[in-house]
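File shown here: my_file_19.pdb, holding PDB, C-alpha atoms.
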```
MODEL        1
ATOM      1  CA  MET A   1       0.022   2.393 -25.280
ATOM      2  CA  LEU A   2       3.593   1.433 -24.386
ATOM      3  CA  ALA A   3       4.945   2.852 -27.648
ATOM      4  CA  GLU A   4       2.954   6.072 -27.200
ATOM      5  CA  LEU A   5       4.240   6.599 -23.645
ATOM      6  CA  ALA A   6       7.811   5.958 -24.813
ATOM      7  CA  ARG A   7       7.340   8.495 -27.645
ATOM      8  CA  LEU A   8       5.979  11.128 -25.241
ATOM      9  CA  HIS A   9       8.868  10.537 -22.868
ATOM     10  CA  ARG A  10      11.378  11.053 -25.713
ATOM     11  CA  GLU A  11       9.653  14.096 -27.189
ATOM     12  CA  LEU A  12       9.025  15.874 -23.862
ATOM     13  CA  PRO A  13      12.388  15.625 -22.092
ATOM     14  CA  ASP A  14      11.557  18.391 -19.584
ATOM     15  CA  VAL A  15       8.389  16.674 -18.394
ATOM     16  CA  THR A  16       8.560  14.210 -15.520
ATOM     17  CA  ILE A  17       6.366  11.171 -16.012
ATOM     18  CA  LEU A  18       5.478   9.023 -13.012
ATOM     19  CA  TYR A  19       4.234   5.629 -14.124
ATOM     20  CA  VAL A  20       3.141   2.990 -11.622
ATOM     21  CA  THR A  21       3.039  -0.598 -12.859
ATOM     22  CA  HIS A  22       3.506  -4.198 -11.815
ATOM     23  CA  ASP A  23       4.520  -5.087 -15.379
ATOM     24  CA  GLN A  24       8.294  -5.544 -15.427
ATOM     25  CA  VAL A  25       8.580  -5.199 -19.206
ATOM     26  CA  GLU A  26       6.757  -1.859 -19.109
ATOM     27  CA  ALA A  27       8.979  -0.592 -16.309
ATOM     28  CA  LEU A  28      12.208  -1.727 -17.978
ATOM     29  CA  THR A  29      11.118  -0.300 -21.337
ATOM     30  CA  LEU A  30       9.837   3.100 -20.213
ATOM     31  CA  ALA A  31      11.851   4.107 -17.180
ATOM     32  CA  ASP A  32      14.984   6.159 -16.760
ATOM     33  CA  ARG A  33      14.839   5.226 -13.067
ATOM     34  CA  ILE A  34      12.795   2.619 -11.225
ATOM     35  CA  ALA A  35      11.821   2.442  -7.574
ATOM     36  CA  VAL A  36      11.080  -1.104  -6.382
ATOM     37  CA  MET A  37       8.612  -1.278  -3.496
ATOM     38  CA  ASP A  38       7.610  -4.188  -1.274
ATOM     39  CA  SER A  39       4.979  -3.841   1.445
ATOM     40  CA  ALA A  40       5.179  -0.032   1.254
ATOM     41  CA  ARG A  41       8.969  -0.111   1.734
ATOM     42  CA  LEU A  42      11.514   1.051  -0.795
ATOM     43  CA  GLN A  43      13.723  -1.932  -1.650
ATOM     44  CA  ALA A  44      15.857  -0.402  -4.404
ATOM     45  CA  CYS A  45      16.071   2.556  -6.734
ATOM     46  CA  GLY A  46      18.165   2.878  -9.885
ATOM     47  CA  THR A  47      18.269   2.634 -13.631
ATOM     48  CA  PRO A  48      16.634  -0.408 -15.215
ATOM     49  CA  ARG A  49      20.079  -1.756 -16.149
ATOM     50  CA  GLU A  50      21.433  -1.296 -12.581
ATOM     51  CA  LEU A  51      18.451  -3.025 -10.988
ATOM     52  CA  TYR A  52      18.590  -5.921 -13.454
ATOM     53  CA  ARG A  53      22.358  -6.477 -13.560
ATOM     54  CA  SER A  54      23.239  -5.587  -9.963
ATOM     55  CA  PRO A  55      20.145  -5.994  -7.790
ATOM     56  CA  ALA A  56      20.424  -4.696  -4.232
ATOM     57  CA  ASN A  57      18.676  -7.656  -2.613
ATOM     58  CA  GLU A  58      16.775 -10.893  -3.228
ATOM     59  CA  PHE A  59      13.399  -9.199  -3.593
ATOM     60  CA  THR A  60      14.685  -6.856  -6.295
ATOM     61  CA  ALA A  61      16.503  -9.701  -8.061
ATOM     62  CA  SER A  62      13.355 -11.823  -8.237
ATOM     63  CA  PHE A  63      10.978  -8.947  -8.969
ATOM     64  CA  VAL A  64      12.972  -7.398 -11.825
ATOM     65  CA  GLY A  65      13.222 -10.364 -14.182
ATOM     66  CA  ASN A  66      13.757 -14.052 -13.537
ATOM     67  CA  ALA A  67      16.621 -14.998 -11.253
ATOM     68  CA  ASN A  68      18.318 -18.074  -9.900
ATOM     69  CA  LEU A  69      18.855 -17.361  -6.202
ATOM     70  CA  LEU A  70      21.185 -19.864  -4.578
ATOM     71  CA  PRO A  71      22.163 -19.930  -0.892
ATOM     72  CA  VAL A  72      25.951 -19.844  -0.565
ATOM     73  CA  THR A  73      28.666 -19.456   2.033
ATOM     74  CA  VAL A  74      31.406 -16.964   1.234
ATOM     75  CA  GLY A  75      34.948 -18.326   1.131
ATOM     76  CA  SER A  76      38.295 -16.667   0.578
ATOM     77  CA  ASP A  77      38.280 -17.048  -3.232
ATOM     78  CA  GLY A  78      34.602 -17.516  -4.054
ATOM     79  CA  VAL A  79      31.548 -19.185  -2.590
ATOM     80  CA  ALA A  80      30.561 -22.683  -1.543
ATOM     81  CA  PHE A  81      27.349 -24.111  -2.967
ATOM     82  CA  GLY A  82      26.374 -27.712  -2.397
ATOM     83  CA  GLY A  83      29.567 -29.701  -2.497
ATOM     84  CA  GLY A  84      31.593 -27.356  -4.680
ATOM     85  CA  GLU A  85      33.237 -23.977  -4.994
ATOM     86  CA  LEU A  86      32.109 -21.277  -7.412
ATOM     87  CA  THR A  87      34.272 -18.379  -8.499
ATOM     88  CA  VAL A  88      32.474 -15.043  -8.074
ATOM     89  CA  ASP A  89      33.300 -11.556  -6.837
ATOM     90  CA  THR A  90      33.022 -11.578  -3.030
ATOM     91  CA  GLU A  91      34.226  -8.017  -2.447
ATOM     92  CA  GLY A  92      32.612  -6.478   0.618
ATOM     93  CA  VAL A  93      31.341  -9.761   2.061
ATOM     94  CA  ALA A  94      33.315 -11.417   4.870
ATOM     95  CA  PRO A  95      34.500 -15.029   4.526
ATOM     96  CA  GLY A  96      32.123 -17.384   6.334
ATOM     97  CA  ALA A  97      29.098 -15.138   5.744
ATOM     98  CA  LYS A  98      25.871 -16.578   4.372
ATOM     99  CA  ALA A  99      24.731 -14.897   1.161
ATOM    100  CA  THR A 100      22.623 -15.444  -1.941
ATOM    101  CA  LEU A 101      24.099 -15.862  -5.402
ATOM    102  CA  CYS A 102      22.009 -14.344  -8.203
ATOM    103  CA  VAL A 103      22.444 -15.597 -11.783
ATOM    104  CA  ARG A 104      19.959 -14.718 -14.524
ATOM    105  CA  PRO A 105      18.627 -17.783 -16.438
ATOM    106  CA  HIS A 106      19.725 -16.491 -19.855
ATOM    107  CA  LEU A 107      23.333 -16.329 -18.576
ATOM    108  CA  VAL A 108      23.385 -20.030 -17.663
ATOM    109  CA  GLY A 109      24.795 -22.355 -20.311
ATOM    110  CA  LEU A 110      24.592 -26.096 -20.901
ATOM    111  CA  GLY A 111      27.792 -28.183 -20.854
ATOM    112  CA  ASP A 112      31.275 -27.577 -19.558
ATOM    113  CA  GLY A 113      32.461 -24.123 -18.613
ATOM    114  CA  PRO A 114      33.371 -22.087 -15.575
ATOM    115  CA  ASN A 115      31.307 -22.448 -12.399
ATOM    116  CA  ARG A 116      29.817 -25.841 -13.180
ATOM    117  CA  LEU A 117      26.593 -27.026 -11.557
ATOM    118  CA  SER A 118      25.554 -30.656 -12.048
ATOM    119  CA  GLY A 119      21.979 -31.789 -11.613
ATOM    120  CA  THR A 120      18.910 -33.556 -12.948
ATOM    121  CA  VAL A 121      16.483 -32.090 -15.464
ATOM    122  CA  SER A 122      13.110 -31.831 -13.707
ATOM    123  CA  GLU A 123      11.284 -30.037 -16.511
ATOM    124  CA  ILE A 124      11.954 -28.747 -20.008
ATOM    125  CA  GLN A 125       9.841 -26.220 -21.885
ATOM    126  CA  TRP A 126      10.136 -25.370 -25.558
ATOM    127  CA  ARG A 127       9.440 -21.646 -26.007
ATOM    128  CA  GLY A 128       9.995 -21.218 -29.714
ATOM    129  CA  ALA A 129      13.390 -19.530 -29.938
ATOM    130  CA  THR A 130      14.507 -20.923 -26.574
ATOM    131  CA  HIS A 131      14.278 -23.916 -24.311
ATOM    132  CA  ARG A 132      13.829 -23.395 -20.580
ATOM    133  CA  LEU A 133      15.442 -26.109 -18.486
ATOM    134  CA  TYR A 134      14.612 -26.592 -14.823
ATOM    135  CA  VAL A 135      17.441 -28.491 -13.187
ATOM    136  CA  GLU A 136      17.564 -29.755  -9.605
ATOM    137  CA  VAL A 137      21.021 -28.985  -8.215
ATOM    138  CA  ASP A 138      21.765 -29.906  -4.592
ATOM    139  CA  GLY A 139      18.097 -29.521  -3.642
ATOM    140  CA  HIS A 140      17.633 -26.193  -5.467
ATOM    141  CA  ARG A 141      15.961 -25.447  -8.775
ATOM    142  CA  VAL A 142      18.216 -23.761 -11.323
ATOM    143  CA  ILE A 143      16.657 -22.308 -14.472
ATOM    144  CA  ALA A 144      18.563 -22.108 -17.757
ATOM    145  CA  ASP A 145      17.090 -20.261 -20.740
ATOM    146  CA  LEU A 146      18.935 -21.616 -23.771
ATOM    147  CA  ARG A 147      18.731 -20.853 -27.457
ATOM    148  CA  GLU A 148      16.635 -23.489 -29.146
ATOM    149  CA  LEU A 149      18.490 -26.772 -28.765
ATOM    150  CA  LYS A 150      18.641 -29.224 -31.672
ATOM    151  CA  ASP A 151      18.801 -32.159 -29.262
ATOM    152  CA  PRO A 152      17.524 -31.048 -25.840
ATOM    153  CA  PRO A 153      17.998 -33.224 -22.765
ATOM    154  CA  ALA A 154      15.009 -35.175 -21.487
ATOM    155  CA  HIS A 155      13.273 -35.172 -18.127
ATOM    156  CA  GLY A 156      15.474 -37.078 -15.679
ATOM    157  CA  ASP A 157      18.721 -36.598 -17.617
ATOM    158  CA  GLU A 158      21.859 -35.608 -15.723
ATOM    159  CA  VAL A 159      23.275 -32.346 -17.101
ATOM    160  CA  THR A 160      26.012 -29.854 -16.354
ATOM    161  CA  LEU A 161      25.212 -26.139 -16.343
ATOM    162  CA  HIS A 162      27.725 -23.313 -16.144
ATOM    163  CA  PHE A 163      27.946 -19.536 -15.837
ATOM    164  CA  ALA A 164      30.723 -16.970 -16.085
ATOM    165  CA  PRO A 165      31.992 -15.442 -12.830
ATOM    166  CA  GLU A 166      31.152 -11.938 -14.040
ATOM    167  CA  ASP A 167      27.526 -12.975 -14.691
ATOM    168  CA  ALA A 168      26.836 -13.645 -11.007
ATOM    169  CA  VAL A 169      25.961 -11.114  -8.308
ATOM    170  CA  LEU A 170      26.487 -11.862  -4.638
ATOM    171  CA  LEU A 171      23.685 -10.548  -2.427
ATOM    172  CA  ALA A 172      24.546 -10.219   1.257
ATOM    173  CA  ALA A 173      21.991 -11.893   3.556
ATOM    174  CA  GLY A 174      19.349  -9.594   4.998
ATOM    175  CA  VAL A 175      20.063  -6.624   2.710
ATOM    176  CA  GLY A 176      16.888  -4.719   1.957
ATOM    177  CA  HIS A 177      14.720  -6.588   4.439
ATOM    178  CA  ASP A 178      13.553  -5.139   7.771
TER
ENDMDL
END
```

Let's see the structure in the file written out as structure tokens.
Amino acid sequence: MLAELARLHRELPDVTILYVTHDQVEALTLADRIAVMDSARLQACGTPRELYRSPANEFTASFVGNANLLPVTVGSDGVAFGGGELTVDTEGVAPGAKATLCVRPHLVGLGDGPNRLSGTVSEIQWRGATHRLYVEVDGHRVIADLRELKDPPAHGDEVTLHFAPEDAVLLAAGVGHD
């Protein structure tokens, strides 16, 4: 059905198709534009790529794909999380403000790199081509989806995760919520 709808959408460019679904894969696959609703309120509207890469708020970030949502405090050159500083774009958010940092699990790496997060593996799942690590970092669960690891860490191991500054999106507190 998904392939047939996509074919019709391609072959009938002058026809508007309104498709209502709770299936994120269907929405991301079929849509030119997506409207994200929560409790009968519009939370965000945009292209699938915009909503996934630059969500407007926490609800959109968690609804359109998996997301690590970490509470941070904005500083002058980045954000504070736990006991450390992370380098991310803080444009438009005042220093001292509370915000949420959004990083998609597939953009989190294992080992040293920029924006390091140290924690304890609480769960590991083998998913064929990938491993999903759940890591407790300063009282928050961080998910890392990693290409299949030859020697994955075990439950209880201390690990270091990292992500690139450009892979994080800062969500101002209260945006999109009434």

Which residues, written as a ChimeraX atom specification, have at least one atom at most 12 Å from A:Lys98, with only C-alpha atoms counted and residues fewer than 6 positions away on the same chain left out? /A:70-75,79-81,90,170-175

Determine, counting only C-alpha atoms, which protein, DNA and RNA residues have an atom within 9 Å of an atom of A:Glu123; residues of the same chain fewer than 4 positions away are not included. Present the result as a ChimeraX atom specification. /A:132-135,154-156

Tell me, in Å to one decimal, how far atom CA of A:Leu5 is from atom CA of A:Leu30. 7.4 Å

Which residues are near A:Tyr19? Cut-off 12 Å, only C-alpha atoms, ignore same chain within fewer than 4 positions. Put them as a CSV table (one decimal) with C-alpha atoms, keeping the file's coordinate frame.
```csv
chain,number,residue,atom,x,y,z
A,2,LEU,CA,3.6,1.4,-24.4
A,5,LEU,CA,4.2,6.6,-23.6
A,6,ALA,CA,7.8,6.0,-24.8
A,9,HIS,CA,8.9,10.5,-22.9
A,23,ASP,CA,4.5,-5.1,-15.4
A,24,GLN,CA,8.3,-5.5,-15.4
A,26,GLU,CA,6.8,-1.9,-19.1
A,27,ALA,CA,9.0,-0.6,-16.3
A,28,LEU,CA,12.2,-1.7,-18.0
A,29,THR,CA,11.1,-0.3,-21.3
A,30,LEU,CA,9.8,3.1,-20.2
A,31,ALA,CA,11.9,4.1,-17.2
A,32,ASP,CA,15.0,6.2,-16.8
A,33,ARG,CA,14.8,5.2,-13.1
A,34,ILE,CA,12.8,2.6,-11.2
A,35,ALA,CA,11.8,2.4,-7.6
```

Taking (15.8, -17.6, -28.0) in the file's coordinates, which residues come within 7 Å, counting all atoms listed in the file, written as a PyMOL selection string? chain A and resi 129-130+146-148

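Of the listed residues (A:Ser54, A:Gln125, A:Ser118, A:Asn66), A:Ser54 comes nearest to A:Ala168; the distances count all atoms listed in the file.
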
Residues in the PyMOL selection byres ((chain A and resi 37) around 12), expressed as an NGL selection string: :A and (20-22 or 34-36 or 38-45 or 57 or 59-60 or 63-64 or 176-177)

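Atom CA of A:Ala67 lies 15.1 Å from atom CA of A:Pro48.
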
Could you work out how far atom CA of A:Gly92 lies from atom CA of A:Asp145, giving the answer in Å with one decimal? 29.8 Å
